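Next comes input_17.pdb, with PDB, C-alpha atoms.
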```
ATOM      1  CA  MET R   1      -6.735  13.308 -10.113  1.00  0.00           C
ATOM      2  CA  ILE R   2      -3.217  14.775 -10.136  1.00  0.00           C
ATOM      3  CA  THR R   3      -1.782  17.021  -7.421  1.00  0.00           C
ATOM      4  CA  ALA R   4       1.729  18.448  -7.256  1.00  0.00           C
ATOM      5  CA  GLU R   5       3.973  20.420  -4.929  1.00  0.00           C
ATOM      6  CA  VAL R   6       7.581  21.524  -4.510  1.00  0.00           C
ATOM      7  CA  VAL R   7       9.295  20.344  -1.322  1.00  0.00           C
ATOM      8  CA  ASP R   8      12.367  22.038   0.184  1.00  0.00           C
ATOM      9  CA  LEU R   9      14.020  20.113   3.026  1.00  0.00           C
ATOM     10  CA  HIS R  10      17.032  21.166   5.062  1.00  0.00           C
ATOM     11  CA  GLN R  11      17.752  18.993   8.099  1.00  0.00           C
ATOM     12  CA  GLU R  12      14.115  18.260   8.798  1.00  0.00           C
ATOM     13  CA  GLN R  13      12.187  15.233   7.561  1.00  0.00           C
ATOM     14  CA  TYR R  14       9.109  14.756   5.402  1.00  0.00           C
ATOM     15  CA  ARG R  15       7.061  11.862   6.729  1.00  0.00           C
ATOM     16  CA  HIS R  16       4.103  10.347   4.991  1.00  0.00           C
ATOM     17  CA  GLU R  17       2.858   7.440   7.075  1.00  0.00           C
ATOM     18  CA  GLN R  18      -0.870   7.554   6.358  1.00  0.00           C
ATOM     19  CA  PRO R  19      -2.383   5.408   3.578  1.00  0.00           C
ATOM     20  CA  GLU R  20      -2.963   7.350   0.380  1.00  0.00           C
ATOM     21  CA  ASP R  21      -4.625   6.044  -2.752  1.00  0.00           C
ATOM     22  CA  ALA R  22      -2.156   7.648  -5.136  1.00  0.00           C
ATOM     23  CA  LEU R  23       1.182   6.833  -6.740  1.00  0.00           C
ATOM     24  CA  ARG R  24       3.818   9.270  -5.433  1.00  0.00           C
ATOM     25  CA  LEU R  25       6.456  10.475  -7.928  1.00  0.00           C
ATOM     26  CA  MET R  26       9.452  12.455  -6.686  1.00  0.00           C
ATOM     27  CA  TYR R  27      12.171  14.053  -8.760  1.00  0.00           C
ATOM     28  CA  ILE R  28      15.243  15.327  -6.914  1.00  0.00           C
ATOM     29  CA  ILE R  29      16.089  18.799  -8.202  1.00  0.00           C
ATOM     30  CA  SER R  30      19.168  19.306  -6.010  1.00  0.00           C
ATOM     31  CA  GLY R  31      20.867  17.993  -2.895  1.00  0.00           C
ATOM     32  CA  GLU R  32      21.351  14.594  -1.339  1.00  0.00           C
ATOM     33  CA  GLY R  33      19.124  12.731   1.065  1.00  0.00           C
ATOM     34  CA  TYR R  34      17.459   9.442   1.808  1.00  0.00           C
ATOM     35  CA  LEU R  35      14.189   7.594   1.454  1.00  0.00           C
ATOM     36  CA  ARG R  36      13.113   5.268   4.281  1.00  0.00           C
ATOM     37  CA  ALA R  37      10.394   2.748   3.490  1.00  0.00           C
ATOM     38  CA  GLN R  38       9.703  -0.911   4.237  1.00  0.00           C
ATOM     39  CA  GLN R  39      12.573  -1.009   6.747  1.00  0.00           C
ATOM     40  CA  ARG R  40      15.084   0.119   4.122  1.00  0.00           C
ATOM     41  CA  GLU R  41      17.038   3.330   3.656  1.00  0.00           C
ATOM     42  CA  THR R  42      17.892   4.290   0.077  1.00  0.00           C
ATOM     43  CA  LEU R  43      20.203   7.190  -0.773  1.00  0.00           C
ATOM     44  CA  LEU R  44      18.807   9.956  -2.973  1.00  0.00           C
ATOM     45  CA  ALA R  45      20.864  12.166  -5.277  1.00  0.00           C
ATOM     46  CA  THR R  46      20.224  14.979  -7.734  1.00  0.00           C
ATOM     47  CA  ASP R  47      18.193  13.855 -10.774  1.00  0.00           C
ATOM     48  CA  ASP R  48      16.883  10.704  -9.119  1.00  0.00           C
ATOM     49  CA  LEU R  49      13.323   9.730  -9.989  1.00  0.00           C
ATOM     50  CA  VAL R  50      11.444   8.013  -7.178  1.00  0.00           C
ATOM     51  CA  ALA R  51       8.139   6.143  -7.415  1.00  0.00           C
ATOM     52  CA  VAL R  52       6.278   5.016  -4.280  1.00  0.00           C
ATOM     53  CA  ASN R  53       3.157   2.892  -4.620  1.00  0.00           C
ATOM     54  CA  PRO R  54      -0.160   3.817  -2.983  1.00  0.00           C
ATOM     55  CA  ASP R  55      -0.725   2.870   0.681  1.00  0.00           C
ATOM     56  CA  LEU R  56       3.005   2.754   1.447  1.00  0.00           C
ATOM     57  CA  GLY R  57       4.281   5.035   4.203  1.00  0.00           C
ATOM     58  CA  TYR R  58       7.699   6.595   3.728  1.00  0.00           C
ATOM     59  CA  GLU R  59      10.091   9.237   5.017  1.00  0.00           C
ATOM     60  CA  VAL R  60      12.365  11.560   3.051  1.00  0.00           C
ATOM     61  CA  GLY R  61      15.193  13.470   4.718  1.00  0.00           C
ATOM     62  CA  ALA R  62      18.188  15.646   3.840  1.00  0.00           C
ATOM     63  CA  ARG R  63      21.838  14.805   4.459  1.00  0.00           C
ATOM     64  CA  GLU R  64      24.544  17.447   4.843  1.00  0.00           C
ATOM     65  CA  GLN R  65      22.940  19.836   2.384  1.00  0.00           C
ATOM     66  CA  PRO R  66      19.307  20.771   1.676  1.00  0.00           C
ATOM     67  CA  ILE R  67      17.325  18.618  -0.705  1.00  0.00           C
ATOM     68  CA  ASP R  68      14.797  20.088  -3.127  1.00  0.00           C
ATOM     69  CA  TYR R  69      12.373  17.920  -5.037  1.00  0.00           C
ATOM     70  CA  VAL R  70       9.000  17.963  -6.720  1.00  0.00           C
ATOM     71  CA  LEU R  71       6.245  15.649  -5.543  1.00  0.00           C
ATOM     72  CA  ILE R  72       3.427  14.547  -7.845  1.00  0.00           C
ATOM     73  CA  ARG R  73       0.517  12.389  -6.705  1.00  0.00           C
ATOM     74  CA  VAL R  74      -1.245  10.377  -9.392  1.00  0.00           C
ATOM     75  CA  ALA R  75      -4.561   8.857  -8.258  1.00  0.00           C
ATOM     76  CA  GLU R  76      -5.787   5.423  -9.374  1.00  0.00           C
ATOM     77  CA  THR R  77      -2.317   4.449 -10.607  1.00  0.00           C
ATOM     78  CA  THR R  78      -0.223   1.592  -9.246  1.00  0.00           C
ATOM     79  CA  LEU R  79       3.000  -0.064 -10.381  1.00  0.00           C
ATOM     80  CA  ASP R  80       3.245  -3.859 -10.436  1.00  0.00           C
ATOM     81  CA  PHE R  81       6.059  -4.579  -7.962  1.00  0.00           C
ATOM     82  CA  SER R  82       4.870  -8.173  -7.484  1.00  0.00           C
ATOM     83  CA  HIS R  83       8.262  -9.607  -8.436  1.00  0.00           C
ATOM     84  CA  CYS R  84      10.322  -7.011  -6.565  1.00  0.00           C
ATOM     85  CA  GLU R  85      11.528  -6.842  -2.986  1.00  0.00           C
ATOM     86  CA  THR R  86      10.065  -3.392  -2.355  1.00  0.00           C
ATOM     87  CA  ASP R  87       6.993  -1.411  -3.303  1.00  0.00           C
ATOM     88  CA  PHE R  88       9.052   1.568  -4.488  1.00  0.00           C
ATOM     89  CA  THR R  89      11.911   2.298  -6.879  1.00  0.00           C
ATOM     90  CA  VAL R  90      14.689   4.903  -7.161  1.00  0.00           C
ATOM     91  CA  LEU R  91      16.124   5.543 -10.643  1.00  0.00           C
ATOM     92  CA  SER R  92      18.918   7.832 -11.770  1.00  0.00           C
ATOM     93  CA  CYS R  93      17.936  10.134 -14.638  1.00  0.00           C
ATOM     94  CA  ALA R  94      21.199  12.066 -14.764  1.00  0.00           C
ATOM     95  CA  ASP R  95      21.742  11.059 -18.394  1.00  0.00           C
ATOM     96  CA  CYS R  96      18.370  12.499 -19.444  1.00  0.00           C
ATOM     97  CA  ARG R  97      18.446  15.441 -17.049  1.00  0.00           C
ATOM     98  CA  GLU R  98      17.483  18.152 -19.542  1.00  0.00           C
ATOM     99  CA  GLN R  99      14.578  16.148 -20.925  1.00  0.00           C
ATOM    100  CA  MET R 100      13.138  15.308 -17.494  1.00  0.00           C
ATOM    101  CA  ARG R 101      13.514  18.831 -16.178  1.00  0.00           C
ATOM    102  CA  PHE R 102      11.800  20.199 -19.259  1.00  0.00           C
ATOM    103  CA  PHE R 103       8.834  17.839 -18.774  1.00  0.00           C
ATOM    104  CA  LEU R 104       8.528  18.783 -15.113  1.00  0.00           C
ATOM    105  CA  ARG R 105       9.058  22.516 -15.638  1.00  0.00           C
ATOM    106  CA  GLU R 106       6.343  22.630 -18.267  1.00  0.00           C
ATOM    107  CA  PHE R 107       4.082  20.416 -16.151  1.00  0.00           C
ATOM    108  CA  PHE R 108       4.272  22.865 -13.229  1.00  0.00           C
ATOM    109  CA  ARG R 109       3.879  25.857 -15.544  1.00  0.00           C
ATOM    110  CA  GLU R 110       0.630  24.420 -16.927  1.00  0.00           C
ATOM    111  CA  GLN R 111      -0.560  23.723 -13.364  1.00  0.00           C
ATOM    112  CA  ARG R 112       0.311  27.258 -12.294  1.00  0.00           C
ATOM    113  CA  GLU R 113      -0.989  29.290 -15.255  1.00  0.00           C
ATOM    114  CA  LYS R 114      -4.091  27.188 -16.007  1.00  0.00           C
ATOM    115  CA  GLN R 115      -4.573  28.418 -19.555  1.00  0.00           C
ATOM    116  CA  THR R 116      -7.100  26.825 -21.900  1.00  0.00           C
ATOM    117  CA  GLY R 117      -6.443  23.104 -22.209  1.00  0.00           C
ATOM    118  CA  TRP R 118      -3.940  23.083 -19.331  1.00  0.00           C
ATOM    119  CA  GLU R 119      -5.232  19.823 -17.856  1.00  0.00           C
ATOM    120  CA  THR R 120      -4.698  17.949 -21.120  1.00  0.00           C
ATOM    121  CA  ALA R 121      -1.230  19.467 -21.491  1.00  0.00           C
ATOM    122  CA  ALA R 122      -0.288  18.590 -17.890  1.00  0.00           C
ATOM    123  CA  GLU R 123      -1.486  15.003 -18.280  1.00  0.00           C
ATOM    124  CA  SER R 124       0.502  14.635 -21.500  1.00  0.00           C
ATOM    125  CA  LEU R 125       3.674  15.912 -19.859  1.00  0.00           C
ATOM    126  CA  LEU R 126       3.147  13.601 -16.893  1.00  0.00           C
ATOM    127  CA  ALA R 127       2.630  10.702 -19.302  1.00  0.00           C
ATOM    128  CA  LEU R 128       6.119  11.395 -20.736  1.00  0.00           C
ATOM    129  CA  VAL R 129       7.577  11.230 -17.219  1.00  0.00           C
ATOM    130  CA  MET R 130       5.757   7.921 -16.686  1.00  0.00           C
ATOM    131  CA  VAL R 131       7.194   6.534 -19.926  1.00  0.00           C
ATOM    132  CA  VAL R 132      10.726   7.229 -18.658  1.00  0.00           C
ATOM    133  CA  LEU R 133       9.842   5.583 -15.354  1.00  0.00           C
ATOM    134  CA  LEU R 134       8.337   2.463 -16.930  1.00  0.00           C
ATOM    135  CA  ARG R 135      11.146   1.990 -19.447  1.00  0.00           C
ATOM    136  CA  ARG R 136      13.944   2.420 -16.921  1.00  0.00           C
ATOM    137  CA  SER R 137      12.419   0.405 -14.099  1.00  0.00           C
ATOM    138  CA  GLY R 138      10.988  -2.401 -16.218  1.00  0.00           C
ATOM    139  CA  VAL R 139       8.007  -2.377 -13.857  1.00  0.00           C
ATOM    140  CA  PRO R 140       4.619  -2.255 -15.608  1.00  0.00           C
ATOM    141  CA  LEU R 141       1.474  -0.532 -14.491  1.00  0.00           C
ATOM    142  CA  LEU R 142      -0.912  -2.718 -12.548  1.00  0.00           C
ATOM    143  CA  SER R 143      -4.127  -3.228 -14.488  1.00  0.00           C
ATOM    144  CA  GLU R 144      -7.561  -3.725 -12.969  1.00  0.00           C
ATOM    145  CA  SER R 145      -7.590  -7.313 -14.182  1.00  0.00           C
ATOM    146  CA  ASN R 146      -4.369  -7.948 -12.225  1.00  0.00           C
ATOM    147  CA  ARG R 147      -5.859  -6.465  -9.074  1.00  0.00           C
ATOM    148  CA  SER R 148      -8.758  -8.896  -9.117  1.00  0.00           C
ATOM    149  CA  GLY R 149      -6.728 -11.773 -10.498  1.00  0.00           C
ATOM    150  CA  LYS R 150      -6.530 -15.402  -9.626  1.00  0.00           C
ATOM    151  CA  GLU R 151      -3.916 -14.844  -6.906  1.00  0.00           C
ATOM    152  CA  CYS R 152      -6.372 -12.853  -4.774  1.00  0.00           C
ATOM    153  CA  SER R 153      -9.092 -15.434  -5.325  1.00  0.00           C
ATOM    154  CA  ALA R 154      -6.691 -18.197  -4.307  1.00  0.00           C
ATOM    155  CA  VAL R 155      -5.754 -16.331  -1.132  1.00  0.00           C
ATOM    156  CA  LYS R 156      -9.408 -15.816  -0.249  1.00  0.00           C
ATOM    157  CA  ARG R 157     -10.214 -19.510  -0.773  1.00  0.00           C
ATOM    158  CA  PHE R 158      -7.204 -20.554   1.293  1.00  0.00           C
ATOM    159  CA  ILE R 159      -8.277 -18.313   4.187  1.00  0.00           C
ATOM    160  CA  ASP R 160     -11.858 -19.568   3.991  1.00  0.00           C
ATOM    161  CA  ALA R 161     -10.685 -23.182   4.254  1.00  0.00           C
ATOM    162  CA  ASN R 162      -7.893 -22.723   6.813  1.00  0.00           C
ATOM    163  CA  PHE R 163      -8.773 -19.693   8.962  1.00  0.00           C
ATOM    164  CA  ALA R 164      -8.305 -21.673  12.197  1.00  0.00           C
ATOM    165  CA  GLU R 165      -4.700 -22.527  11.281  1.00  0.00           C
ATOM    166  CA  GLU R 166      -1.643 -20.323  11.728  1.00  0.00           C
ATOM    167  CA  ILE R 167      -1.716 -17.861   8.836  1.00  0.00           C
ATOM    168  CA  THR R 168       0.555 -14.845   8.373  1.00  0.00           C
ATOM    169  CA  LEU R 169       1.056 -12.385   5.550  1.00  0.00           C
ATOM    170  CA  ASP R 170       4.397 -14.041   4.801  1.00  0.00           C
ATOM    171  CA  ILE R 171       2.682 -17.418   4.464  1.00  0.00           C
ATOM    172  CA  LEU R 172       0.083 -15.993   2.071  1.00  0.00           C
ATOM    173  CA  ALA R 173       2.760 -14.275  -0.004  1.00  0.00           C
ATOM    174  CA  GLU R 174       4.812 -17.470  -0.178  1.00  0.00           C
ATOM    175  CA  ARG R 175       1.818 -19.487  -1.367  1.00  0.00           C
ATOM    176  CA  THR R 176       1.129 -17.053  -4.198  1.00  0.00           C
ATOM    177  CA  GLY R 177       4.745 -16.205  -5.031  1.00  0.00           C
ATOM    178  CA  LEU R 178       3.897 -12.499  -4.780  1.00  0.00           C
ATOM    179  CA  ASN R 179       5.516  -9.615  -2.951  1.00  0.00           C
ATOM    180  CA  LYS R 180       3.541  -9.343   0.296  1.00  0.00           C
ATOM    181  CA  TYR R 181       3.079  -5.561  -0.030  1.00  0.00           C
ATOM    182  CA  TYR R 182       1.662  -5.990  -3.514  1.00  0.00           C
ATOM    183  CA  LEU R 183      -0.586  -8.795  -2.226  1.00  0.00           C
ATOM    184  CA  VAL R 184      -2.049  -6.551   0.483  1.00  0.00           C
ATOM    185  CA  HIS R 185      -2.734  -3.786  -2.013  1.00  0.00           C
ATOM    186  CA  ALA R 186      -4.238  -6.078  -4.670  1.00  0.00           C
ATOM    187  CA  PHE R 187      -6.404  -8.021  -2.204  1.00  0.00           C
ATOM    188  CA  THR R 188      -7.690  -4.801  -0.603  1.00  0.00           C
ATOM    189  CA  ARG R 189      -8.468  -3.331  -4.018  1.00  0.00           C
ATOM    190  CA  THR R 190     -10.400  -6.458  -4.975  1.00  0.00           C
ATOM    191  CA  TYR R 191     -12.353  -7.177  -1.806  1.00  0.00           C
ATOM    192  CA  GLY R 192     -12.329  -3.888   0.093  1.00  0.00           C
ATOM    193  CA  ILE R 193     -10.511  -5.424   3.077  1.00  0.00           C
ATOM    194  CA  SER R 194      -6.917  -6.460   3.768  1.00  0.00           C
ATOM    195  CA  PRO R 195      -6.020 -10.178   3.863  1.00  0.00           C
ATOM    196  CA  ILE R 196      -5.333 -10.129   7.604  1.00  0.00           C
ATOM    197  CA  ASN R 197      -8.543  -8.274   8.436  1.00  0.00           C
ATOM    198  CA  TYR R 198     -10.433 -10.720   6.234  1.00  0.00           C
ATOM    199  CA  LEU R 199      -8.777 -13.583   8.131  1.00  0.00           C
ATOM    200  CA  ILE R 200      -9.884 -12.089  11.456  1.00  0.00           C
ATOM    201  CA  ARG R 201     -13.410 -11.658  10.139  1.00  0.00           C
ATOM    202  CA  GLN R 202     -13.581 -15.304   9.080  1.00  0.00           C
ATOM    203  CA  ARG R 203     -12.262 -16.393  12.469  1.00  0.00           C
ATOM    204  CA  ILE R 204     -14.956 -14.361  14.190  1.00  0.00           C
ATOM    205  CA  ASN R 205     -17.596 -15.902  11.941  1.00  0.00           C
ATOM    206  CA  GLY R 206     -16.303 -19.368  12.818  1.00  0.00           C
ATOM    207  CA  SER R 207     -16.298 -18.567  16.532  1.00  0.00           C
ATOM    208  CA  GLN R 208     -19.924 -17.449  16.356  1.00  0.00           C
ATOM    209  CA  ARG R 209     -20.920 -20.894  15.155  1.00  0.00           C
ATOM    210  CA  LEU R 210     -19.047 -22.491  18.053  1.00  0.00           C
ATOM    211  CA  LEU R 211     -20.666 -20.120  20.534  1.00  0.00           C
ATOM    212  CA  ARG R 212     -24.105 -21.023  19.201  1.00  0.00           C
ATOM    213  CA  GLU R 213     -23.674 -24.749  18.765  1.00  0.00           C
ATOM    214  CA  THR R 214     -21.286 -25.882  21.522  1.00  0.00           C
ATOM    215  CA  ASP R 215     -20.771 -25.401  25.253  1.00  0.00           C
ATOM    216  CA  TYR R 216     -16.998 -24.985  24.930  1.00  0.00           C
ATOM    217  CA  ASN R 217     -15.547 -22.291  27.179  1.00  0.00           C
ATOM    218  CA  ILE R 218     -14.376 -18.989  25.657  1.00  0.00           C
ATOM    219  CA  SER R 219     -10.702 -19.919  25.910  1.00  0.00           C
ATOM    220  CA  LYS R 220     -11.179 -23.129  23.900  1.00  0.00           C
ATOM    221  CA  ILE R 221     -13.303 -21.373  21.282  1.00  0.00           C
ATOM    222  CA  ALA R 222     -10.569 -18.761  20.870  1.00  0.00           C
ATOM    223  CA  LEU R 223      -8.037 -21.519  20.257  1.00  0.00           C
ATOM    224  CA  LEU R 224     -10.264 -23.471  17.860  1.00  0.00           C
ATOM    225  CA  SER R 225     -10.974 -20.301  15.883  1.00  0.00           C
ATOM    226  CA  GLY R 226      -7.308 -19.548  15.344  1.00  0.00           C
ATOM    227  CA  PHE R 227      -6.714 -16.774  17.889  1.00  0.00           C
ATOM    228  CA  SER R 228      -3.455 -16.720  19.830  1.00  0.00           C
ATOM    229  CA  SER R 229      -5.097 -15.730  23.118  1.00  0.00           C
ATOM    230  CA  GLN R 230      -8.499 -15.330  24.731  1.00  0.00           C
ATOM    231  CA  SER R 231      -7.945 -11.603  25.299  1.00  0.00           C
ATOM    232  CA  TYR R 232      -7.122 -10.960  21.639  1.00  0.00           C
ATOM    233  CA  PHE R 233     -10.138 -13.026  20.616  1.00  0.00           C
ATOM    234  CA  SER R 234     -12.453 -11.049  22.918  1.00  0.00           C
ATOM    235  CA  GLN R 235     -11.093  -7.702  21.694  1.00  0.00           C
ATOM    236  CA  SER R 236     -11.442  -8.691  18.050  1.00  0.00           C
ATOM    237  CA  PHE R 237     -14.912 -10.160  18.591  1.00  0.00           C
ATOM    238  CA  LYS R 238     -16.216  -7.020  20.291  1.00  0.00           C
ATOM    239  CA  ARG R 239     -14.669  -4.785  17.649  1.00  0.00           C
ATOM    240  CA  GLN R 240     -16.507  -6.661  14.887  1.00  0.00           C
ATOM    241  CA  THR R 241     -19.822  -7.466  16.587  1.00  0.00           C
ATOM    242  CA  GLY R 242     -20.188  -4.776  19.242  1.00  0.00           C
ATOM    243  CA  MET R 243     -20.482  -7.341  22.048  1.00  0.00           C
ATOM    244  CA  THR R 244     -18.271  -9.768  23.950  1.00  0.00           C
ATOM    245  CA  PRO R 245     -18.303 -13.502  23.151  1.00  0.00           C
ATOM    246  CA  ALA R 246     -20.148 -14.155  26.425  1.00  0.00           C
ATOM    247  CA  GLN R 247     -22.794 -11.564  25.566  1.00  0.00           C
ATOM    248  CA  PHE R 248     -23.198 -13.048  22.090  1.00  0.00           C
ATOM    249  CA  ARG R 249     -23.665 -16.534  23.543  1.00  0.00           C
ATOM    250  CA  LYS R 250     -26.162 -15.313  26.126  1.00  0.00           C
ATOM    251  CA  GLN R 251     -28.166 -13.379  23.541  1.00  0.00           C
ATOM    252  CA  ASN R 252     -28.152 -16.343  21.189  1.00  0.00           C
ATOM    253  CA  GLN R 253     -29.333 -18.731  23.892  1.00  0.00           C
ATOM    254  CA  LYS R 254     -32.352 -16.540  24.566  1.00  0.00           C
ATOM    255  CA  GLU R 255     -33.435 -16.680  20.951  1.00  0.00           C
TER     256      GLU R 255
END
```
Go through the file and emit its structure as structure tokens.
Amino acid sequence: MITAEVVDLHQEQYRHEQPEDALRLMYIISGEGYLRAQQRETLLATDDLVAVNPDLGYEVGAREQPIDYVLIRVAETTLDFSHCETDFTVLSCADCREQMRFFLREFFREQREKQTGWETAAESLLALVMVVLLRRSGVPLLSESNRSGKECSAVKRFIDANFAEEITLDILAERTGLNKYYLVHAFTRTYGISPINYLIRQRINGSQRLLRETDYNISKIALLSGFSSQSYFSQSFKRQTGMTPAQFRKQNQKE
């Protein structure tokens, strides 16, 4: 699905912090501003083309003058930023200004007038914009086979075997050689859960075995399961199981 809108910012900000399963494309029609994402601030100028991957929060703001841009959301589309430092890109299209503005003007006209065959026409015009993006950035589209590739399987196996050890997103990214933001997105696409939430789930599963089979106290079980503190362990355990570790142990002992 494709949705589009025109955004006009003066000194206010446009924040998008909630996860969204769509590639965001922005084209700066006029003005100067900034894009803040992944702890970076990138300057935006007229005729810049911006692409922000799904599930990445960002903020766009104006500088001394208003900034006008078009925003297009493209569902089920992701760029492969695995070998980049960020999960977004900003490209100058000043040298192909007339071409890009024609594509976008006609795209919005088709969306607005909705004449026969408008959806096909709009998709074709958007495809031309995507071609410019892919050629200039050198970043390919992420295919389904990439999303469920061997890197995600390797991460899952590593977590299964080492969940009680210290594991962070940076450690997982380093082991795979992938950008950590891409890793989160690909792993979540493949398994329906983020790497860190999967790690917590495996730690809870491991702690349940210890609660059933040993008489260790809760604090020691938290440590053996990989949790940094008993309180965090108890909170995570209750969130996943609906009961505290002590309640789980008591219920299990009755059975």
Running the PyMOL selection byres ((chain R and resi 194-201) around 12) on this model by hand, what would come out? Give it as a ChimeraX atom specification.
/R:55,151-173,180-193,202-208,222,225-228,232-241
Per residue of range 126-240 of chain R within 10 Å of range 102-122 of chain R, what are the shortest atom pair and its distance in Å to one decimal, counting only C-alpha atoms, with rows by chain and residue number, as CSV?
```
residue,atom,partner,partner_atom,distance
R:Leu126,CA,R:Ala122,CA,6.1
R:Ala127,CA,R:Ala122,CA,8.5
R:Leu128,CA,R:Phe103,CA,7.3
R:Val129,CA,R:Phe103,CA,6.9
```
Atom pair CA of Ile218 in chain R / CA of Gly242 in chain R: separation (Å):
16.6 Å
Nearest to Leu43 in chain R: which of R:Glu5, R:Arg24, R:Glu76, R:Leu91 is it, counting only C-alpha atoms?
R:Leu91
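Separating CA of Tyr58 in chain R from CA of Arg36 in chain R is a distance of 5.6 Å.
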Output the residue selection produced by the PyMOL selection byres ((chain R and resi 50) around 10) on the file above, formatted as a ChimeraX atom specification.
/R:24-28,35,44,47-49,51-52,71,88-92,133
Deliver the residues from the most recent selection as a file, using C-alpha atoms, as a short mmCIF file (atom, residue, chain, number, x, y, z; two decimals), in the coordinates of the input.
```
data_model
loop_
_atom_site.label_atom_id
_atom_site.label_comp_id
_atom_site.auth_asym_id
_atom_site.auth_seq_id
_atom_site.Cartn_x
_atom_site.Cartn_y
_atom_site.Cartn_z
CA ARG R 24 3.82 9.27 -5.43
CA LEU R 25 6.46 10.48 -7.93
CA MET R 26 9.45 12.46 -6.69
CA TYR R 27 12.17 14.05 -8.76
CA ILE R 28 15.24 15.33 -6.91
CA LEU R 35 14.19 7.59 1.45
CA LEU R 44 18.81 9.96 -2.97
CA ASP R 47 18.19 13.86 -10.77
CA ASP R 48 16.88 10.70 -9.12
CA LEU R 49 13.32 9.73 -9.99
CA ALA R 51 8.14 6.14 -7.42
CA VAL R 52 6.28 5.02 -4.28
CA LEU R 71 6.24 15.65 -5.54
CA PHE R 88 9.05 1.57 -4.49
CA THR R 89 11.91 2.30 -6.88
CA VAL R 90 14.69 4.90 -7.16
CA LEU R 91 16.12 5.54 -10.64
CA SER R 92 18.92 7.83 -11.77
CA LEU R 133 9.84 5.58 -15.35
#
```
Which one is closest to Thr78 in chain R: R:Gln38, R:Gln253, R:Ser229, R:Asn53? Count only C-alpha atoms.
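Checking each candidate against Thr78 in chain R, we get R:Asn53 as the closest.
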Figure out the distance between CA of Ala94 in chain R and CA of Glu41 in chain R, please, to one decimal in Å.
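Spanning CA of Glu41 in chain R to CA of Ala94 in chain R is a straight-line distance of 20.8 Å.
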Please evaluate the PyMOL selection byres ((chain R and resi 33) around 10) against the structure above and give the resulting residues as a PyMOL selection string.
chain R and resi 9-11+13+28+30-32+34-35+41-46+60-68
When you count all atoms listed in the file, which of these residues is closest to Val70 in chain R: R:Thr86, R:Gln230, R:Thr3, R:Asn217?
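For Val70 in chain R, the nearest of the given residues is R:Thr3.
In this comparison, which uses only C-alpha atoms, the residue of R:Thr176, R:Ser137, R:Asn252, R:Gln247 approaching Asp80 in chain R most closely is R:Ser137.
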Taking all atoms listed in the file into account, which of R:His83, R:Arg40, R:Arg97, R:Arg209 comes nearest Asn179 in chain R?
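Between R:His83, R:Arg40, R:Arg97, R:Arg209, the residue approaching Asn179 in chain R most closely is R:His83.
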